[in-house]
Amino acid sequence: MTTSTRWLVIALIVAVAVAVAGAIVWDHRSVTPGARIFVANYKDDTVSVIDMALEREVEVLKMPDSPFALTVCAAKPSPLVAVSNSTASRVTFIDATSLEIVGTATVSKGPEFVACSPDGTRLYATSPYDKTISIVDVAARAPAGKPIAFERKPGAIAVAPDGRRLYVLMRDEDGAVLALNAATGAVEATAAVGKFPSDMAVSADGSRIVAASFDDSTVTVVDTASFKVLGTYPLATGTGLLLHPYKPLVYSMVGFEDAVAVLDYETGKEIASFECSKGPTYSAITRDGRYLYVVNEDSDNVVKLDTETGKALLRIAVGEEPADAVIVEPLT
């Protein structure tokens with residue numbers, strides 16, 4: 001057997017083995033060097049760190065008091081990952097490069113959702129117990145004024161790309177999304193979004209808010225300039241919602257169906273449903289929109305989904321009852 005023939009045979013064997021295993025080969029060169037996924041593991045008080053190039057968990061950080069939600073603050077010289085310690089009155093900051101815990105800040109009781117201003121100077125944390133949003137000076141790791149108080153329980157939050165507005169869901173039967181002046185905390189606009197909204201996301205250009213109603217199984221699209229509802233569309237919903245960075249696509253994590261439902265939020269048409277593991281919840285999408293990293297609370301894993309084919313490429317084991325994930329991709 002010649003050398004060239006031998007290599008051809010080996011290649012065929014590898015191809016058959018891959019096909020039998022149901023695996024998919026993809027290009028690792030598309031991963032930004034140093035890119036990582038941080039996963040909050042609610043049940044075992046840890047944060048998993050996944051190396052996106054190696055495609056496996058490379059570090060487990062101890063994180064007491066039931067870590068729930070994560071967000072990225074664009075601090076210098078290294079980004080910070082902020083973690084809500086949901087059974088305490090605290091958020092914790094992780095240096096995304098060194099993986100060291102670099103500080104904590106006191107917030108209202110039982111912080112749930114967190115979001116950071118685009119410039120990385122302010123962190124916002126909701127408290128359903130106190131019906132407040134705490135504001136944290138990220139550099140000082142200290143409160144920045146009094147919490148913003150509400151009559152109802154605040155849920156998911158997001159900051160407009162220009163940093164001027166803070167969007168917050170009112171998570172009750174009369175679900176709504178509020179637009180707050182980020183400087184004063186004053187409510188500037190309100191839009192109804194269905195019963196008991198579970199999550200929302202803001203488009204990359206800041207022009208749209210898409211919110212999921214858990215009880216109505218709908219998503220509502222809001223124009224951020226007029227704050228008028230552009231449409232409400234039927235879609236299976238759960239506890240997680242993501243938008244594609246540059247396509248009008250919304251991905252809904254449907255926990256009871258172990259699937260991700262995909263809808264074009266301009267036309268209102270559902271276009272796909274992707275299978276994943278058990279209990280998909282708050283998850284993450286890559287900066288180019290090519291891959292979803294779906295956090296599966298009941299499977300203790302993260303599934304990498306190809307958004308173009310809908311196929312699961314990889315399952316990465318993490319801690320117990322993972323609740324949320326963020327991706328930190330260094331700018332190149």
# chains A, B, ... in the order shown; residues from 1 in each chain; ligands from 1
call {"tool": "closest_atom_pairs", "arguments": {"of": "segment 182-229 of chain A", "to": "segment 234-257 of chain A", "cutoff": "7 Å", "atoms": "only C-alpha atoms", "output": "tab-separated table"}}
result
residue	atom	partner	partner_atom	distance
A:Ser198	CA	A:Thr239	CA	5.5
A:Asp199	CA	A:Gly240	CA	5.7
A:Met200	CA	A:Leu241	CA	6.0
A:Ala201	CA	A:Leu242	CA	6.1
A:Ser203	CA	A:Leu243	CA	6.5
A:Ala204	CA	A:Pro245	CA	5.7
A:Ala212	CA	A:Thr237	CA	6.3
A:Ser213	CA	A:Thr237	CA	6.9
A:Phe214	CA	A:Thr237	CA	5.7
A:Ser217	CA	A:Ala236	CA	5.1
A:Thr218	CA	A:Pro234	CA	4.3
A:Val219	CA	A:Leu235	CA	6.4
call {"tool": "residues_around", "arguments": {"residues": "Arg164 of chain A", "least_positions_apart": "4", "cutoff": "12 Å", "atoms": "only C-alpha atoms", "output": "PDB file with C-alpha atoms, in the first residue's frame"}}
result
ATOM      1  CA  SER A 117     -23.880  50.010  31.178  1.00  0.00           C
ATOM      2  CA  PRO A 118     -22.079  49.961  27.800  1.00  0.00           C
ATOM      3  CA  ASP A 119     -19.115  51.887  29.226  1.00  0.00           C
ATOM      4  CA  ARG A 122     -22.564  51.101  36.256  1.00  0.00           C
ATOM      5  CA  ALA A 158     -31.264  45.485  29.786  1.00  0.00           C
ATOM      6  CA  VAL A 159     -29.429  48.694  28.983  1.00  0.00           C
ATOM      7  CA  ALA A 160     -29.850  50.535  25.679  1.00  0.00           C
ATOM      8  CA  ALA A 179     -38.082  52.516  29.826  1.00  0.00           C
ATOM      9  CA  LEU A 180     -36.204  54.359  32.557  1.00  0.00           C
ATOM     10  CA  ASN A 181     -33.921  57.337  32.237  1.00  0.00           C
ATOM     11  CA  ALA A 182     -30.586  55.792  33.217  1.00  0.00           C
ATOM     12  CA  ALA A 183     -29.367  59.028  34.791  1.00  0.00           C
ATOM     13  CA  THR A 184     -32.438  59.824  36.925  1.00  0.00           C
ATOM     14  CA  GLY A 185     -34.305  56.508  37.224  1.00  0.00           C
ATOM     15  CA  ALA A 186     -37.529  58.187  36.058  1.00  0.00           C
ATOM     16  CA  GLU A 188     -40.188  57.615  30.522  1.00  0.00           C
ATOM     17  CA  GLY A 206     -31.152  49.439  19.944  1.00  0.00           C
ATOM     18  CA  THR A 224     -37.823  51.777  21.320  1.00  0.00           C
TER      19      THR A 224
END
call {"tool": "residues_around", "arguments": {"residues": "segment 172-174 of chain A", "least_positions_apart": "4", "cutoff": "9 Å", "atoms": "only C-alpha atoms", "output": "JSON, numbers by chain"}}
result
{"A": [152, 153, 154, 192, 193, 194, 195, 196, 197, 215]}
call {"tool": "atom_distance", "arguments": {"atom1": "atom CA of Gly268 of chain A", "atom2": "atom CA of Asp306 of chain A"}}
result
21.9 Å
call {"tool": "select_by_dssp", "arguments": {"residues": "segment 36-235 of chain A", "states": "strand (DSSP E)", "output": "ChimeraX atom specification"}}
result
/A:36-41,46-51,56-62,67-73,80-85,90-95,101-106,114-116,122-127,132-137,142-143,148-149,154-159,165-170,176-181,187-192,197-202,208-213,218-223,229-234
call {"tool": "residues_around", "arguments": {"residues": "segment 226-229 of chain A", "least_positions_apart": "3", "cutoff": "8 Å", "atoms": "only C-alpha atoms", "output": "list in words"}}
result
Ala189, Thr190, Ala191, Ala192, Thr220, Val221, Val222, Asp223 and Thr232 of chain A
call {"tool": "closest_atom_pairs", "arguments": {"of": "segment 122-158 of chain A", "to": "segment 85-88 of chain A", "cutoff": "12 Å", "atoms": "only C-alpha atoms", "output": "Markdown table"}}
result
| residue | atom | partner | partner_atom | distance |
| --- | --- | --- | --- | --- |
| A:Ala125 | CA | A:Ser86 | CA | 10.3 |
| A:Thr126 | CA | A:Ser86 | CA | 10.0 |
| A:Ser127 | CA | A:Ser86 | CA | 8.9 |
| A:Pro128 | CA | A:Ser86 | CA | 10.3 |
| A:Tyr129 | CA | A:Ser86 | CA | 10.6 |
call {"tool": "write_last_selection", "arguments": {"atoms": "N, CA, C and O atoms", "output": "PDB file, in the first residue's frame"}}
result
ATOM      1  N   ALA A 125     -28.884  45.790  39.309  1.00  0.00           N
ATOM      2  CA  ALA A 125     -29.296  44.483  39.819  1.00  0.00           C
ATOM      3  C   ALA A 125     -30.715  44.566  40.351  1.00  0.00           C
ATOM      4  O   ALA A 125     -31.022  45.439  41.179  1.00  0.00           O
ATOM      5  N   THR A 126     -31.585  43.665  39.884  1.00  0.00           N
ATOM      6  CA  THR A 126     -32.974  43.675  40.353  1.00  0.00           C
ATOM      7  C   THR A 126     -33.123  42.871  41.640  1.00  0.00           C
ATOM      8  O   THR A 126     -32.420  41.889  41.868  1.00  0.00           O
ATOM      9  N   SER A 127     -34.082  43.301  42.465  1.00  0.00           N
ATOM     10  CA  SER A 127     -34.442  42.565  43.676  1.00  0.00           C
ATOM     11  C   SER A 127     -35.951  42.398  43.702  1.00  0.00           C
ATOM     12  O   SER A 127     -36.680  43.368  43.947  1.00  0.00           O
ATOM     13  N   PRO A 128     -36.466  41.181  43.433  1.00  0.00           N
ATOM     14  CA  PRO A 128     -37.915  40.979  43.508  1.00  0.00           C
ATOM     15  C   PRO A 128     -38.443  41.081  44.931  1.00  0.00           C
ATOM     16  O   PRO A 128     -39.618  41.389  45.138  1.00  0.00           O
ATOM     17  N   TYR A 129     -37.586  40.835  45.919  1.00  0.00           N
ATOM     18  CA  TYR A 129     -38.015  40.904  47.318  1.00  0.00           C
ATOM     19  C   TYR A 129     -38.286  42.343  47.737  1.00  0.00           C
ATOM     20  O   TYR A 129     -39.309  42.654  48.345  1.00  0.00           O
TER      21      TYR A 129
END
call {"tool": "closest_residue", "arguments": {"among": "A:Tyr293, A:Tyr233, A:Phe113, A:Phe38", "to": "Val260 of chain A", "atoms": "only C-alpha atoms"}}
result
A:Tyr293
call {"tool": "atom_distance", "arguments": {"atom1": "atom CA of Ala149 of chain A", "atom2": "atom CA of Met170 of chain A"}}
result
12.2 Å
call {"tool": "closest_residue", "arguments": {"among": "A:Phe274, A:Arg315, A:Asp95, A:Ile327", "to": "Asp288 of chain A", "atoms": "only C-alpha atoms"}}
result
A:Ile327
call {"tool": "closest_residue", "arguments": {"among": "A:Ser283, A:Asn296, A:Ser66, A:Ser134", "to": "Ser108 of chain A", "atoms": "only C-alpha atoms"}}
result
A:Ser134
call {"tool": "residues_around", "arguments": {"residues": "Glu100 of chain A", "least_positions_apart": "6", "cutoff": "9 Å", "atoms": "only C-alpha atoms", "output": "list in words"}}
result
Leu61, Phe93 and Ile94 of chain A
call {"tool": "closest_residue", "arguments": {"among": "A:Gly155, A:Gly289, A:Pro161, A:Gly120", "to": "Ser78 of chain A", "atoms": "only C-alpha atoms"}}
result
A:Gly120
call {"tool": "residues_around", "arguments": {"residues": "Val114 of chain A", "least_positions_apart": "6", "cutoff": "8 Å", "atoms": "only C-alpha atoms", "output": "number ranges by chain"}}
result
A: 69-71, 82-84, 123-126, 156-157
call {"tool": "decode", "arguments": {"residues": "segment 223-234 of chain A", "atoms": "N, CA and C atoms", "output": "mmCIF file, in the first residue's frame"}}
result
data_model
loop_
_atom_site.group_PDB
_atom_site.id
_atom_site.type_symbol
_atom_site.label_atom_id
_atom_site.label_comp_id
_atom_site.auth_asym_id
_atom_site.auth_seq_id
_atom_site.Cartn_x
_atom_site.Cartn_y
_atom_site.Cartn_z
ATOM 1 N N ASP A 223 -41.084 48.986 19.564
ATOM 2 C CA ASP A 223 -40.208 49.984 18.942
ATOM 3 C C ASP A 223 -39.686 50.906 20.039
ATOM 4 N N THR A 224 -38.367 51.015 20.202
ATOM 5 C CA THR A 224 -37.823 51.777 21.320
ATOM 6 C C THR A 224 -37.928 53.287 21.137
ATOM 7 N N ALA A 225 -38.088 53.754 19.902
ATOM 8 C CA ALA A 225 -38.218 55.202 19.676
ATOM 9 C C ALA A 225 -39.593 55.698 20.102
ATOM 10 N N SER A 226 -40.648 55.041 19.626
ATOM 11 C CA SER A 226 -42.015 55.437 19.972
ATOM 12 C C SER A 226 -42.545 54.730 21.208
ATOM 13 N N PHE A 227 -41.920 53.624 21.550
ATOM 14 C CA PHE A 227 -42.340 52.696 22.606
ATOM 15 C C PHE A 227 -43.750 52.179 22.362
ATOM 16 N N LYS A 228 -44.041 51.954 21.109
ATOM 17 C CA LYS A 228 -45.289 51.338 20.692
ATOM 18 C C LYS A 228 -45.049 49.862 20.372
ATOM 19 N N VAL A 229 -46.072 49.057 20.629
ATOM 20 C CA VAL A 229 -46.000 47.637 20.289
ATOM 21 C C VAL A 229 -46.183 47.471 18.788
ATOM 22 N N LEU A 230 -45.211 46.842 18.136
ATOM 23 C CA LEU A 230 -45.270 46.611 16.696
ATOM 24 C C LEU A 230 -45.985 45.314 16.353
ATOM 25 N N GLY A 231 -45.999 44.393 17.292
ATOM 26 C CA GLY A 231 -46.665 43.123 17.035
ATOM 27 C C GLY A 231 -46.509 42.171 18.200
ATOM 28 N N THR A 232 -47.485 41.289 18.357
ATOM 29 C CA THR A 232 -47.430 40.211 19.343
ATOM 30 C C THR A 232 -47.694 38.909 18.603
ATOM 31 N N TYR A 233 -46.760 37.949 18.731
ATOM 32 C CA TYR A 233 -46.799 36.755 17.893
ATOM 33 C C TYR A 233 -46.779 35.493 18.756
ATOM 34 N N PRO A 234 -47.541 34.469 18.361
ATOM 35 C CA PRO A 234 -47.512 33.206 19.118
ATOM 36 C C PRO A 234 -46.161 32.512 18.980
#
